[in-house]
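Raw contents of coords-v1.cif, mmCIF, C-alpha atoms:
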data_protein
#
loop_
_atom_site.label_atom_id
_atom_site.label_comp_id
_atom_site.auth_asym_id
_atom_site.auth_seq_id
_atom_site.Cartn_x
_atom_site.Cartn_y
_atom_site.Cartn_z
CA MET K 189 19.13 32.26 -10.83
CA GLN K 190 15.93 30.53 -9.75
CA ARG K 191 14.25 32.17 -6.77
CA PRO K 192 13.36 30.06 -3.70
CA LEU K 193 9.90 28.54 -3.86
CA PHE K 194 8.74 30.18 -0.65
CA LEU K 195 8.89 33.61 -2.25
CA PHE K 196 6.16 32.56 -4.65
CA ILE K 197 3.64 31.47 -2.03
CA PHE K 198 0.59 33.68 -1.70
CA THR K 199 -2.57 33.56 0.36
CA LEU K 200 -6.23 34.15 -0.38
CA VAL K 201 -7.02 36.66 2.33
CA ILE K 202 -10.46 36.56 3.90
CA PRO K 203 -11.51 40.10 4.87
CA GLY K 204 -11.89 40.42 8.63
CA GLY K 205 -10.25 37.04 9.24
CA THR K 206 -11.82 33.61 9.22
CA VAL K 207 -15.49 33.15 9.85
CA SER K 208 -15.41 29.53 10.95
CA ALA K 209 -15.27 28.13 14.45
CA PHE K 210 -12.64 25.50 13.78
CA ASP K 211 -10.11 24.67 16.48
CA PRO K 212 -7.04 23.77 14.38
CA PRO K 213 -4.70 22.85 17.27
CA ALA K 214 -7.27 20.53 18.86
CA ASN K 215 -8.22 19.05 15.50
CA ARG K 216 -4.57 18.50 14.69
CA ASP K 217 -4.07 16.60 17.94
CA VAL K 218 -6.97 14.28 17.16
CA VAL K 219 -5.32 13.22 13.90
CA ARG K 220 -1.84 12.95 15.40
CA ASN K 221 -3.11 10.81 18.29
CA THR K 222 -4.99 8.35 16.09
CA PRO K 223 -3.11 5.01 16.25
CA GLY K 224 -1.38 3.95 13.06
CA LEU K 225 -0.62 7.44 11.78
CA VAL K 226 2.16 7.46 9.18
CA ALA K 227 1.99 11.05 7.90
CA PHE K 228 -0.35 14.04 8.15
CA TRP K 229 -0.04 17.16 6.02
CA ASP K 230 -2.07 20.10 7.38
CA PHE K 231 -0.43 22.70 5.06
CA THR K 232 0.61 24.78 8.05
CA GLN K 233 3.73 22.87 9.07
CA ARG K 234 6.71 23.78 6.89
CA GLU K 235 10.43 23.42 6.69
CA SER K 236 12.10 26.02 8.86
CA THR K 237 14.79 26.78 6.28
CA GLY K 238 15.40 26.59 2.55
CA GLN K 239 12.33 26.30 0.37
CA GLU K 240 9.93 26.13 3.33
CA ARG K 241 8.01 23.27 1.75
CA PHE K 242 4.99 21.70 3.42
CA ILE K 243 6.05 18.82 5.66
CA ALA K 244 4.07 16.14 7.44
CA HIS K 245 3.35 15.51 11.08
CA VAL K 246 4.86 12.08 11.75
CA PRO K 247 5.05 9.77 14.79
CA ALA K 248 7.65 10.44 17.45
CA GLY K 249 11.03 9.11 16.41
CA SER K 250 10.34 9.31 12.67
CA THR K 251 13.00 11.20 10.77
CA ASN K 252 11.35 11.42 7.34
CA VAL K 253 8.88 14.33 7.37
CA TYR K 254 8.03 13.94 3.66
CA PRO K 255 8.44 17.49 2.28
CA LEU K 256 6.20 18.14 -0.72
CA ASP K 257 7.65 19.32 -4.03
CA ALA K 258 5.64 21.10 -6.73
CA ALA K 259 5.70 19.77 -10.30
CA ASN K 260 3.85 19.81 -13.60
CA TYR K 261 3.76 16.20 -14.75
CA VAL K 262 3.02 17.20 -18.36
CA ARG K 263 6.37 18.96 -18.43
CA ASP K 264 8.09 15.95 -16.85
CA TYR K 265 6.61 13.37 -19.24
CA TRP K 266 5.75 15.27 -22.43
CA GLY K 267 8.37 18.00 -22.22
CA GLU K 268 5.63 20.60 -22.63
CA GLY K 269 4.35 23.42 -20.41
CA ARG K 270 5.95 25.48 -17.69
CA GLN K 271 7.40 24.44 -14.37
CA ALA K 272 5.01 24.43 -11.39
CA THR K 273 5.79 26.23 -8.13
CA TYR K 274 4.01 26.71 -4.83
CA ALA K 275 2.46 29.84 -6.35
CA ASP K 276 0.18 27.52 -8.31
CA PHE K 277 -1.52 26.39 -5.10
CA PRO K 278 -3.31 29.40 -3.54
CA LEU K 279 -3.93 29.26 0.21
CA LEU K 280 -7.21 29.77 2.04
CA ASN K 281 -6.16 30.62 5.63
CA ASP K 282 -9.06 28.56 6.94
CA GLY K 283 -10.32 25.01 7.26
CA PRO K 284 -10.30 22.24 9.89
CA PHE K 285 -6.55 22.67 10.44
CA GLY K 286 -6.26 26.38 9.67
CA GLN K 287 -5.01 26.17 6.09
CA ALA K 288 -5.88 24.67 2.71
CA ILE K 289 -4.43 24.53 -0.78
CA ARG K 290 -6.41 25.06 -3.95
CA ILE K 291 -6.34 22.72 -6.95
CA ARG K 292 -7.49 24.94 -9.79
CA GLN K 293 -9.37 24.34 -13.04
CA GLU K 294 -6.28 24.82 -15.20
CA SER K 295 -7.12 25.94 -18.75
CA ASP K 296 -3.68 25.22 -20.20
CA PRO K 297 -3.68 21.58 -21.41
CA ASN K 298 0.08 21.50 -20.86
CA PHE K 299 -0.17 22.43 -17.20
CA ARG K 300 -1.23 19.86 -14.61
CA PRO K 301 0.43 20.79 -11.30
CA PHE K 302 0.49 18.64 -8.19
CA LEU K 303 2.39 18.29 -4.92
CA PHE K 304 4.46 15.16 -4.58
CA ILE K 305 7.16 13.15 -2.85
CA PRO K 306 9.59 11.55 -5.33
CA ARG K 307 9.92 7.80 -5.09
CA SER K 308 13.56 8.17 -4.11
CA ARG K 309 12.44 9.85 -0.87
CA LEU K 310 9.67 7.44 0.10
CA HIS K 311 10.72 3.97 -1.10
CA ASP K 312 10.72 1.47 1.79
CA THR K 313 9.64 4.16 4.28
CA PRO K 314 6.45 3.80 6.38
CA LEU K 315 4.56 5.73 3.68
CA ASP K 316 5.39 3.01 1.16
CA ILE K 317 2.59 0.69 2.29
CA LYS K 318 2.81 -2.44 0.13
CA GLY K 319 2.91 -6.21 0.01
CA GLU K 320 0.88 -9.02 1.54
CA GLY K 321 -0.80 -8.58 4.89
CA LYS K 322 -0.79 -4.78 4.78
CA SER K 323 -3.77 -2.51 5.38
CA VAL K 324 -4.09 1.21 4.71
CA THR K 325 -6.35 4.20 5.36
CA VAL K 326 -6.26 7.50 3.45
CA VAL K 327 -8.23 10.49 4.78
CA VAL K 328 -8.58 13.83 2.98
CA TRP K 329 -10.55 16.87 4.15
CA ALA K 330 -11.63 18.76 1.04
CA ILE K 331 -14.19 20.98 -0.65
CA ARG K 332 -14.95 19.58 -4.08
CA GLU K 333 -15.57 22.20 -6.73
CA SER K 334 -15.61 19.82 -9.69
CA GLY K 335 -14.14 16.61 -11.00
CA ASN K 336 -13.94 13.07 -9.73
CA HIS K 337 -10.26 12.17 -9.90
CA ALA K 338 -7.37 11.76 -7.48
CA LEU K 339 -7.04 13.37 -4.07
CA ALA K 340 -3.96 11.62 -2.68
CA GLY K 341 -1.97 8.39 -2.78
CA ILE K 342 0.70 6.38 -4.56
CA TRP K 343 -1.04 5.95 -7.89
CA HIS K 344 1.10 6.56 -10.96
CA GLU K 345 -1.36 5.33 -13.62
CA GLY K 346 1.36 5.01 -16.23
CA THR K 347 1.93 6.92 -19.45
CA ASP K 348 2.08 3.85 -21.67
CA LEU K 349 -1.50 3.79 -22.97
CA LYS K 350 -1.73 4.07 -26.74
CA GLN K 351 -4.05 7.04 -27.29
CA SER K 352 -4.00 10.48 -28.90
CA SER K 353 -2.71 12.22 -25.76
CA THR K 354 0.43 10.05 -25.73
CA ALA K 355 1.37 10.58 -29.39
CA SER K 356 4.04 13.13 -28.47
CA ILE K 357 5.08 11.73 -25.11
CA LYS K 358 8.78 11.74 -24.25
CA LYS K 359 8.80 9.51 -21.17
CA VAL K 360 6.81 6.27 -21.23
CA GLU K 361 6.35 4.35 -17.98
CA ARG K 362 4.25 1.37 -16.93
CA GLY K 363 1.67 1.86 -14.22
CA GLN K 364 2.99 2.01 -10.66
CA ARG K 365 -0.23 1.97 -8.66
CA GLN K 366 -0.41 0.99 -4.98
CA TYR K 367 -3.24 2.77 -3.13
CA ALA K 368 -5.10 6.06 -3.49
CA LEU K 369 -8.24 7.99 -2.64
CA PHE K 370 -10.30 9.55 -5.42
CA ALA K 371 -13.23 11.99 -5.47
CA GLY K 372 -15.58 9.45 -6.98
CA LEU K 373 -14.42 8.34 -10.43
CA ASN K 374 -17.47 6.44 -11.73
CA LYS K 375 -19.65 7.99 -8.97
CA ALA K 376 -18.56 11.63 -8.91
CA GLY K 377 -18.31 13.08 -5.42
CA SER K 378 -18.21 9.77 -3.61
CA ALA K 379 -15.19 8.59 -1.67
CA CYS K 380 -13.50 6.14 -4.01
CA GLY K 381 -10.70 3.92 -2.76
CA HIS K 382 -8.38 2.26 -5.25
CA VAL K 383 -5.88 -0.54 -4.59
CA SER K 384 -3.75 -2.46 -7.09
CA GLU K 385 -2.05 -5.82 -6.76
CA ASN K 386 0.15 -5.45 -9.84
CA GLY K 387 0.61 -1.72 -10.40
CA ALA K 388 -1.11 -2.04 -13.75
CA SER K 389 -4.49 -3.20 -15.07
CA SER K 390 -7.33 -5.48 -13.96
CA PHE K 391 -9.44 -8.15 -15.65
CA LEU K 392 -7.73 -7.58 -19.06
CA ASN K 393 -8.95 -3.97 -19.15
CA LYS K 394 -6.35 -1.23 -19.67
CA TYR K 395 -7.27 0.38 -16.32
CA ALA K 396 -7.07 -0.77 -12.70
CA LEU K 397 -10.59 -1.69 -11.60
CA HIS K 398 -10.36 -2.72 -7.95
CA LYS K 399 -12.21 0.25 -6.43
CA CYS K 400 -15.07 1.14 -4.13
CA ASN K 401 -17.57 4.02 -3.93
CA SER K 402 -19.17 5.36 -0.77
CA LEU K 403 -22.94 5.63 -0.89
CA GLY K 404 -22.79 9.34 -0.05
CA GLN K 405 -21.67 11.84 -2.68
CA SER K 406 -20.25 15.28 -1.92
CA PRO K 407 -21.84 18.37 -3.49
CA ALA K 408 -20.04 20.60 -5.97
CA VAL K 409 -19.19 23.93 -4.34
CA SER K 410 -17.48 26.82 -6.09
CA ALA K 411 -13.98 27.36 -4.71
CA ASP K 412 -14.68 31.09 -4.96
CA SER K 413 -17.71 30.91 -2.67
CA PRO K 414 -18.01 33.39 0.21
CA PRO K 415 -16.08 32.44 3.37
CA GLU K 416 -19.26 31.43 5.18
CA LYS K 417 -20.16 28.99 2.42
CA LEU K 418 -16.67 27.48 2.30
CA ALA K 419 -16.52 27.07 6.07
CA ALA K 420 -19.74 25.03 5.96
CA SER K 421 -18.76 22.93 2.92
CA TRP K 422 -15.89 20.76 4.14
CA GLN K 423 -16.18 17.06 3.39
CA CYS K 424 -14.16 14.20 4.85
CA PHE K 425 -13.22 11.68 2.15
CA ALA K 426 -11.68 8.40 3.30
CA MET K 427 -10.84 4.94 2.05
CA THR K 428 -9.80 1.85 3.95
CA PHE K 429 -8.28 -1.37 2.75
CA ASP K 430 -8.71 -4.04 5.42
CA ASP K 431 -6.43 -6.93 4.54
CA GLU K 432 -8.05 -9.27 7.07
CA LYS K 433 -11.51 -8.74 5.58
CA ASN K 434 -10.28 -8.43 1.96
CA GLU K 435 -12.37 -5.26 1.61
CA ILE K 436 -11.84 -1.80 0.16
CA THR K 437 -14.37 0.65 1.60
CA GLY K 438 -15.15 4.27 0.78
CA TRP K 439 -16.27 6.61 3.56
CA LEU K 440 -17.77 10.07 3.18
CA ASN K 441 -18.05 12.05 6.40
CA GLY K 442 -17.57 8.91 8.45
CA GLU K 443 -20.27 6.87 6.71
CA SER K 444 -19.68 4.12 4.18
CA GLY K 445 -23.13 3.02 3.03
CA GLU K 446 -23.93 0.04 0.86
CA ARG K 447 -23.64 0.64 -2.88
CA TRP K 448 -24.46 -1.89 -5.61
CA LEU K 449 -24.09 -1.84 -9.36
CA LYS K 450 -26.95 -3.48 -11.23
CA ASN K 451 -26.28 -5.33 -14.48
CA PRO K 452 -22.46 -4.98 -14.51
CA LYS K 453 -22.34 -6.71 -17.88
CA SER K 454 -23.63 -3.51 -19.50
CA ASN K 455 -21.20 -1.21 -17.66
CA ASN K 456 -18.38 0.24 -19.75
CA LEU K 457 -15.60 -0.71 -17.33
CA LEU K 458 -17.04 -3.19 -14.86
CA SER K 459 -18.22 -5.43 -17.67
CA TYR K 460 -14.61 -6.64 -17.41
CA ALA K 461 -15.19 -7.64 -13.78
CA HIS K 462 -18.37 -9.40 -14.92
CA ASN K 463 -16.37 -11.35 -17.46
CA ALA K 464 -13.68 -12.17 -14.88
CA TYR K 465 -16.40 -13.55 -12.60
CA MET K 466 -17.98 -15.60 -15.37
CA GLN K 467 -14.62 -16.97 -16.56
CA ALA K 468 -13.90 -18.16 -13.02
CA HIS K 469 -17.32 -19.80 -12.92
CA TYR K 470 -16.79 -21.49 -16.27
CA ALA K 471 -13.38 -22.77 -15.18
CA ARG K 472 -14.97 -24.47 -12.13
CA THR K 473 -17.65 -26.08 -14.28
CA PRO K 474 -16.76 -29.42 -15.94
CA GLY K 475 -16.38 -29.24 -19.72
CA MET K 476 -16.04 -26.28 -22.05
CA GLN K 477 -18.84 -23.76 -21.53
CA ASP K 478 -20.40 -21.34 -23.99
CA GLY K 479 -18.45 -18.10 -23.62
CA GLU K 480 -15.50 -19.69 -21.85
CA ASP K 481 -12.06 -18.29 -22.70
CA SER K 482 -9.46 -20.96 -22.02
CA ASP K 483 -6.69 -18.33 -22.26
CA PHE K 484 -8.12 -16.06 -19.57
CA PRO K 485 -5.42 -15.72 -16.86
CA GLU K 486 -6.37 -17.37 -13.58
CA ALA K 487 -4.73 -14.52 -11.63
CA GLN K 488 -7.40 -12.17 -13.04
CA TYR K 489 -10.44 -14.24 -12.05
CA TYR K 490 -12.91 -12.43 -9.78
CA SER K 491 -14.49 -14.88 -7.34
CA PRO K 492 -16.00 -13.20 -4.27
CA PRO K 493 -17.08 -15.72 -1.61
CA GLU K 494 -20.65 -16.92 -1.98
CA GLY K 495 -21.35 -18.88 1.15
CA GLU K 496 -24.34 -17.55 3.06
CA VAL K 497 -27.24 -16.22 0.96
CA SER K 498 -28.63 -12.99 2.40
CA GLU K 499 -31.68 -12.81 0.11
CA THR K 500 -33.42 -15.21 -2.29
CA GLU K 501 -36.23 -14.51 -4.73
CA VAL K 502 -37.83 -17.12 -6.97
CA LEU K 503 -38.30 -15.44 -10.35
CA ARG K 504 -40.15 -18.31 -11.98
CA GLU K 505 -40.74 -21.99 -11.38
CA ASP K 506 -42.42 -24.98 -12.93
CA GLU K 507 -42.25 -28.71 -12.33
CA ASN K 508 -38.79 -29.13 -13.82
CA GLN K 509 -37.10 -25.74 -13.66
CA ARG K 510 -36.66 -22.95 -11.14
CA VAL K 511 -34.92 -19.58 -11.62
CA GLU K 512 -33.72 -17.77 -8.51
CA ARG K 513 -32.13 -14.42 -7.80
CA ARG K 514 -29.63 -14.78 -4.95
CA ARG K 515 -27.82 -12.03 -3.14
CA TYR K 516 -24.55 -12.72 -1.35
CA ARG K 517 -22.28 -10.24 0.44
CA TYR K 518 -20.53 -9.05 -2.72
CA THR K 519 -22.55 -10.43 -5.62
CA GLU K 520 -26.07 -10.87 -6.92
CA VAL K 521 -26.65 -13.77 -9.29
CA VAL K 522 -29.50 -15.31 -11.22
CA VAL K 523 -29.30 -19.09 -11.03
CA THR K 524 -31.20 -21.62 -13.14
CA LEU K 525 -31.93 -24.96 -11.46
CA GLU K 526 -33.28 -28.12 -13.07
CA LYS K 527 -34.27 -31.44 -11.60
CA ASP K 528 -31.88 -34.32 -12.14
CA GLU K 529 -32.79 -37.99 -12.51
CA ASN K 530 -33.21 -38.26 -8.74
CA GLY K 531 -35.58 -35.31 -8.57
CA GLU K 532 -32.98 -33.04 -6.96
CA TRP K 533 -32.50 -29.42 -8.01
CA VAL K 534 -29.15 -28.96 -9.79
CA GLU K 535 -27.69 -25.68 -11.00
CA THR K 536 -27.46 -25.60 -14.79
CA ASP K 537 -26.77 -21.91 -15.45
CA ARG K 538 -25.87 -18.69 -13.65
CA ASN K 539 -25.29 -15.05 -14.47
CA LEU K 540 -23.85 -12.20 -12.43
CA VAL K 541 -26.46 -9.42 -12.29
CA GLY K 542 -25.12 -7.26 -9.46
CA LEU K 543 -21.76 -6.26 -7.97
CA ARG K 544 -21.25 -4.65 -4.62
CA LEU K 545 -19.19 -1.48 -5.00
CA ASN K 546 -18.99 -0.64 -1.29
CA PRO K 547 -17.28 -2.47 0.19
CA TRP K 548 -15.46 -4.00 -2.77
CA TRP K 549 -14.00 -7.48 -2.34
CA TYR K 550 -10.25 -7.41 -2.93
CA PRO K 551 -8.35 -10.65 -2.12
CA HIS K 552 -4.82 -9.47 -2.97
CA GLY K 553 -1.92 -7.69 -1.35
CA ILE K 554 -0.81 -4.18 -2.32
CA TYR K 555 1.57 -3.88 -5.28
CA SER K 556 5.16 -3.98 -4.09
CA PRO K 557 7.58 -2.41 -6.58
CA PRO K 558 10.85 -4.37 -6.72
CA ASP K 559 12.92 -1.18 -6.49
CA ALA K 560 12.61 2.59 -6.38
CA GLU K 561 12.90 2.89 -10.17
CA GLN K 562 9.74 0.81 -10.60
CA GLY K 563 7.70 2.55 -7.93
CA GLY K 564 5.52 5.63 -8.15
CA PRO K 565 5.58 8.90 -6.18
CA PHE K 566 3.11 9.95 -3.52
CA THR K 567 1.00 12.77 -4.95
CA ILE K 568 -1.63 15.21 -3.71
CA GLY K 569 -4.19 16.90 -5.97
CA ARG K 570 -3.48 14.85 -9.09
CA VAL K 571 -1.78 11.67 -10.28
CA ILE K 572 0.41 10.99 -13.30
CA HIS K 573 -1.72 9.55 -16.09
CA SER K 574 -1.96 9.35 -19.85
CA SER K 575 -5.15 11.29 -20.47
CA ARG K 576 -3.93 14.58 -18.91
CA SER K 577 -7.46 15.52 -17.81
CA VAL K 578 -7.95 18.31 -15.26
CA GLY K 579 -9.26 16.00 -12.54
CA PHE K 580 -10.37 17.17 -9.10
CA THR K 581 -10.63 20.90 -8.42
CA GLY K 582 -11.33 22.61 -5.12
CA TRP K 583 -9.71 23.03 -1.71
CA ILE K 584 -7.71 20.38 0.17
CA GLY K 585 -7.30 21.16 3.86
CA GLY K 586 -5.61 18.04 5.17
CA VAL K 587 -4.21 14.68 4.05
CA SER K 588 -3.46 11.82 6.42
CA LEU K 589 -2.17 8.25 5.99
CA PHE K 590 -2.48 5.32 8.38
CA ASP K 591 -0.93 1.86 8.17
CA ARG K 592 -4.10 0.12 9.33
CA ALA K 593 -7.79 0.08 8.50
CA LEU K 594 -9.41 2.60 10.82
CA SER K 595 -12.71 1.68 12.44
CA GLU K 596 -16.02 3.35 11.72
CA ALA K 597 -15.87 5.12 15.09
CA GLU K 598 -12.38 6.47 14.35
CA LEU K 599 -13.41 7.68 10.91
CA LYS K 600 -16.47 9.42 12.35
CA GLU K 601 -14.23 11.19 14.86
CA LEU K 602 -11.97 12.38 12.04
CA ALA K 603 -14.99 13.39 9.95
CA ASP K 604 -16.36 15.50 12.81
CA LEU K 605 -13.29 17.72 12.58
CA ARG K 606 -14.85 19.34 9.50
CA ASN K 607 -17.74 20.78 11.54
#
Written as structure tokens, that's how I'd like the structure from this file.
Amino acid sequence: MQRPLFLFIFTLVIPGGTVSAFDPPANRDVVRNTPGLVAFWDFTQRESTGQERFIAHVPAGSTNVYPLDAANYVRDYWGEGRQATYADFPLLNDGPFGQAIRIRQESDPNFRPFLFIPRSRLHDTPLDIKGEGKSVTVVVWAIRESGNHALAGIWHEGTDLKQSSTASIKKVERGQRQYALFAGLNKAGSACGHVSENGASSFLNKYALHKCNSLGQSPAVSADSPPEKLAASWQCFAMTFDDEKNEITGWLNGESGERWLKNPKSNNLLSYAHNAYMQAHYARTPGMQDGEDSDFPEAQYYSPPEGEVSETEVLREDENQRVERRRYRYTEVVVTLEKDENGEWVETDRNLVGLRLNPWWYPHGIYSPPDAEQGGPFTIGRVIHSSRSVGFTGWIGGVSLFDRALSEAELKELADLRN
């Protein structure tokens, strides 16, 4: 007979008690009183009976407290590896809210544990933020030991990619991405927000590419550091998607910062965004252009607004031709102008030479699965994906979700709870 999960829970005891000066009850109240709160897991609140799973603080009147199950997604999708239990998430007995779980550097390639809420228990609930006109904020207090992957969100990447790791897969599913916060991805240690409009890929790449990166990047700190070091190493990762502004923004410790990617055409992944921008430009230009793909889907064009120019630099100029570098809010382009028969400057060529990564322009709604069977779970610590990489490792001391884009002042207040 399987033993109850709560019997397997153990704690990393700090000799002499905690060394930090956190005020968990006061900190908890700050999060709970922030308008728009949907759910907040502090890893201290548990079910009073049964398995004693972690449950969320939720607004008054809410009946779904979103208990977290433990699972090994490799076992669920490949049929390999052992079952995960709460014993696979050691506890710290410290942190901004008084407790934290550890996501470990698992050496067994068939063991990738996470905490999750099955889709059947979240579909069409307040946690299931989706559709047009919806905004979202994810905040995670964590100490990053290593890795750059998922912290929390609804982001089932799919197990349908054709690669060596999926050769023996038993359960193949299309991507079911909605929103999630990552520990950097392409900029390790930054706060990386991800949102998907279709649950699947972007710009004809196999991955979803609508993502941002905070300017700040968290340090790597050993999860086995002395208590004093851990107490001083908490970071507040956050992402906002503001539907009114069409922006995804990453925030580290309450600061977003402006991050740009130079020469996106040469970037392994964002070269696809470069192509999506250029294809949209070609489609607006009369006639067939060199490099134009008439079969490129219009829904995958990337066309950030380019109204007001924030910066202009003339790179070279003669009597008949001028080349300018122009910076807009989300893009940087090099434009070639030539004089027409009336002596007026007319654009004859352009190239995208810079993309703004924070904030990232995102003009879509959030993917809305048609039913529970086609929607993903909410996960903490890892997400389901084809590559089976280890991902983020370290301590997670709190996870909160809001159904609005929090302001900079609100995010700074939440970030200050780590001090």
Counting all atoms listed in the file, what are the residues of stretch 483-521 of chain K within 10 Å of stretch 545-550 of chain K, and for each of them which pair of atoms is the nearest and at what distance in Å, to one decimal? Sort the table by chain and rising number, as a Markdown table.
| residue | atom | partner | partner_atom | distance |
| --- | --- | --- | --- | --- |
| K:Tyr490 | CA | K:Tyr550 | CA | 8.9 |
| K:Ser491 | CA | K:Trp549 | CA | 8.9 |
| K:Pro492 | CA | K:Trp549 | CA | 6.4 |
| K:Pro493 | CA | K:Trp549 | CA | 8.8 |
| K:Arg517 | CA | K:Trp549 | CA | 9.2 |
| K:Tyr518 | CA | K:Trp549 | CA | 6.7 |
| K:Thr519 | CA | K:Leu545 | CA | 9.6 |
Handout entry: Distance criterion (only C-alpha atoms): nearest to K:Trp439 out of K:Ser421, K:Ser406, K:Ser454, K:Thr251
Key =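 Of the candidates, the smallest distance to K:Trp439 is held by K:Ser406.
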Practice task
Counting only C-alpha atoms, select every polymer residue within 12 Å of (-25.6, -19.8, 0.6) as defined in the file's coordinates, and provide the selection as an MDAnalysis selection string.
Solution key: chainID K and resid 493:500 513:517 519:521
Practice task
Go through K:Asp478, K:Asp316, K:Glu526, K:Asp604 and flag the residue nearest K:Trp422, using all atoms listed in the file for the distances.
Solution key: K:Asp604
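Coordinates place atom CA of K:Gln477 at a distance of 20.0 Å from atom CA of K:Gln509.
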Handout entry: Nearest residue to K:Gln287 from the set K:Asp431, K:Glu535, K:Glu443, K:Asp230 (distances using only C-alpha atoms)
Key =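 Comparing K:Asp431, K:Glu535, K:Glu443, K:Asp230 against K:Gln287, the winner is K:Asp230.
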Problem - Residues in the PyMOL selection byres ((chain K and resi 534) around 10), expressed as a PyMOL selection string - result: chain K and resi 509-510+523-528+531-533+535-537
For stretch 334-374 of chain K against stretch 319-328 of chain K, with a cut-off of 12 Å and counting all atoms listed in the file, what is the closest atom pair and its distance in Å to one decimal for every residue that makes the cut, ordered by chain and number, as a tab-separated table?
residue	atom	partner	partner_atom	distance
K:Ala338	CA	K:Val328	CA	10.7
K:Leu339	CA	K:Val328	CA	7.2
K:Ala340	CA	K:Val328	CA	7.6
K:Gly341	CA	K:Val326	CA	7.6
K:Ile342	CA	K:Val326	CA	10.7
K:Gln366	CA	K:Gly319	CA	9.4
K:Tyr367	CA	K:Val324	CA	8.0
K:Ala368	CA	K:Val326	CA	7.2
K:Leu369	CA	K:Val326	CA	6.4
K:Phe370	CA	K:Val328	CA	9.6
K:Ala371	CA	K:Val328	CA	9.8
Practice task
Translate the PyMOL selection byres ((chain K and resi 361) around 8), as applied to the file shown, into an explicit residue set as a VMD selection string.
Solution key: chain K and resid 346 to 348 359 to 360 362 to 363
Exercise for the section: Return as a ChimeraX atom specification the set of residues that the PyMOL selection byres ((chain K and resi 373-389) around 7) yields on the displayed structure. Expected result: /K:335-337,363-372,390,392-396,398-407,425-427,436-440,552-555
Handout entry: Using all atoms listed in the file: which of K:Lys318, K:Arg538, K:Arg270, K:Arg309 has the shortest distance to K:Asn252
Key =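 Checking each of K:Lys318, K:Arg538, K:Arg270, K:Arg309 against K:Asn252, counting all atoms listed in the file, the winner is K:Arg309.
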Exercise for the section: Record the distance separating atom CA of K:Val226 and atom CA of K:Ala244, expressed in Å with one decimal. Expected result: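 So the answer is 9.1 Å.
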Practice task
List the residues sitting within 9 Å of (8.8, 11.3, -15.2) in the file's frame, using all atoms listed in the file, as a ChimeraX atom specification.
Solution key: /K:261-266,359-361,572
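If you look at atom CA of K:Arg332 and atom CA of K:Leu602, they are 17.9 Å away from each other.
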Practice task
Point out the residue among K:Ala248, K:Leu303, K:Val219, K:Ala214 with the least atom-to-atom distance to K:Leu599, counting all atoms listed in the file.
Solution key: K:Val219
Problem - Top pick for closest residue to K:Ser595, considering K:Ile317, K:Glu529, K:Gly224, K:Pro557 and counting all atoms listed in the file - result: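 Among the listed residues, the smallest separation from K:Ser595 belongs to K:Gly224.
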Can you complete the atoms of stretch 591-599 of chain K to N, CA, C and O atoms and list them as a PDB file, keeping the file's coordinate frame?
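Written file, part-v6.pdb:
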ATOM      1  N   ASP K 591      -1.346   3.177   8.624  1.00  0.00           N
ATOM      2  CA  ASP K 591      -0.930   1.860   8.170  1.00  0.00           C
ATOM      3  C   ASP K 591      -1.819   0.745   8.710  1.00  0.00           C
ATOM      4  O   ASP K 591      -1.383  -0.373   8.959  1.00  0.00           O
ATOM      5  N   ARG K 592      -3.093   1.087   8.882  1.00  0.00           N
ATOM      6  CA  ARG K 592      -4.100   0.120   9.330  1.00  0.00           C
ATOM      7  C   ARG K 592      -5.452   0.587   8.822  1.00  0.00           C
ATOM      8  O   ARG K 592      -5.595   1.735   8.371  1.00  0.00           O
ATOM      9  N   ALA K 593      -6.429  -0.299   8.877  1.00  0.00           N
ATOM     10  CA  ALA K 593      -7.790   0.080   8.500  1.00  0.00           C
ATOM     11  C   ALA K 593      -8.475   0.670   9.724  1.00  0.00           C
ATOM     12  O   ALA K 593      -8.739  -0.038  10.704  1.00  0.00           O
ATOM     13  N   LEU K 594      -8.743   1.970   9.686  1.00  0.00           N
ATOM     14  CA  LEU K 594      -9.410   2.600  10.820  1.00  0.00           C
ATOM     15  C   LEU K 594     -10.841   2.086  10.958  1.00  0.00           C
ATOM     16  O   LEU K 594     -11.481   1.690   9.982  1.00  0.00           O
ATOM     17  N   SER K 595     -11.346   2.123  12.169  1.00  0.00           N
ATOM     18  CA  SER K 595     -12.710   1.680  12.440  1.00  0.00           C
ATOM     19  C   SER K 595     -13.712   2.761  12.059  1.00  0.00           C
ATOM     20  O   SER K 595     -13.352   3.928  11.845  1.00  0.00           O
ATOM     21  N   GLU K 596     -14.969   2.380  12.014  1.00  0.00           N
ATOM     22  CA  GLU K 596     -16.020   3.350  11.720  1.00  0.00           C
ATOM     23  C   GLU K 596     -16.037   4.469  12.760  1.00  0.00           C
ATOM     24  O   GLU K 596     -16.186   5.646  12.421  1.00  0.00           O
ATOM     25  N   ALA K 597     -15.856   4.113  14.042  1.00  0.00           N
ATOM     26  CA  ALA K 597     -15.870   5.120  15.090  1.00  0.00           C
ATOM     27  C   ALA K 597     -14.705   6.100  14.927  1.00  0.00           C
ATOM     28  O   ALA K 597     -14.871   7.318  15.112  1.00  0.00           O
ATOM     29  N   GLU K 598     -13.537   5.590  14.563  1.00  0.00           N
ATOM     30  CA  GLU K 598     -12.380   6.470  14.350  1.00  0.00           C
ATOM     31  C   GLU K 598     -12.591   7.388  13.166  1.00  0.00           C
ATOM     32  O   GLU K 598     -12.245   8.575  13.203  1.00  0.00           O
ATOM     33  N   LEU K 599     -13.173   6.856  12.098  1.00  0.00           N
ATOM     34  CA  LEU K 599     -13.410   7.680  10.910  1.00  0.00           C
ATOM     35  C   LEU K 599     -14.476   8.734  11.171  1.00  0.00           C
ATOM     36  O   LEU K 599     -14.391   9.856  10.652  1.00  0.00           O
TER      37      LEU K 599
END
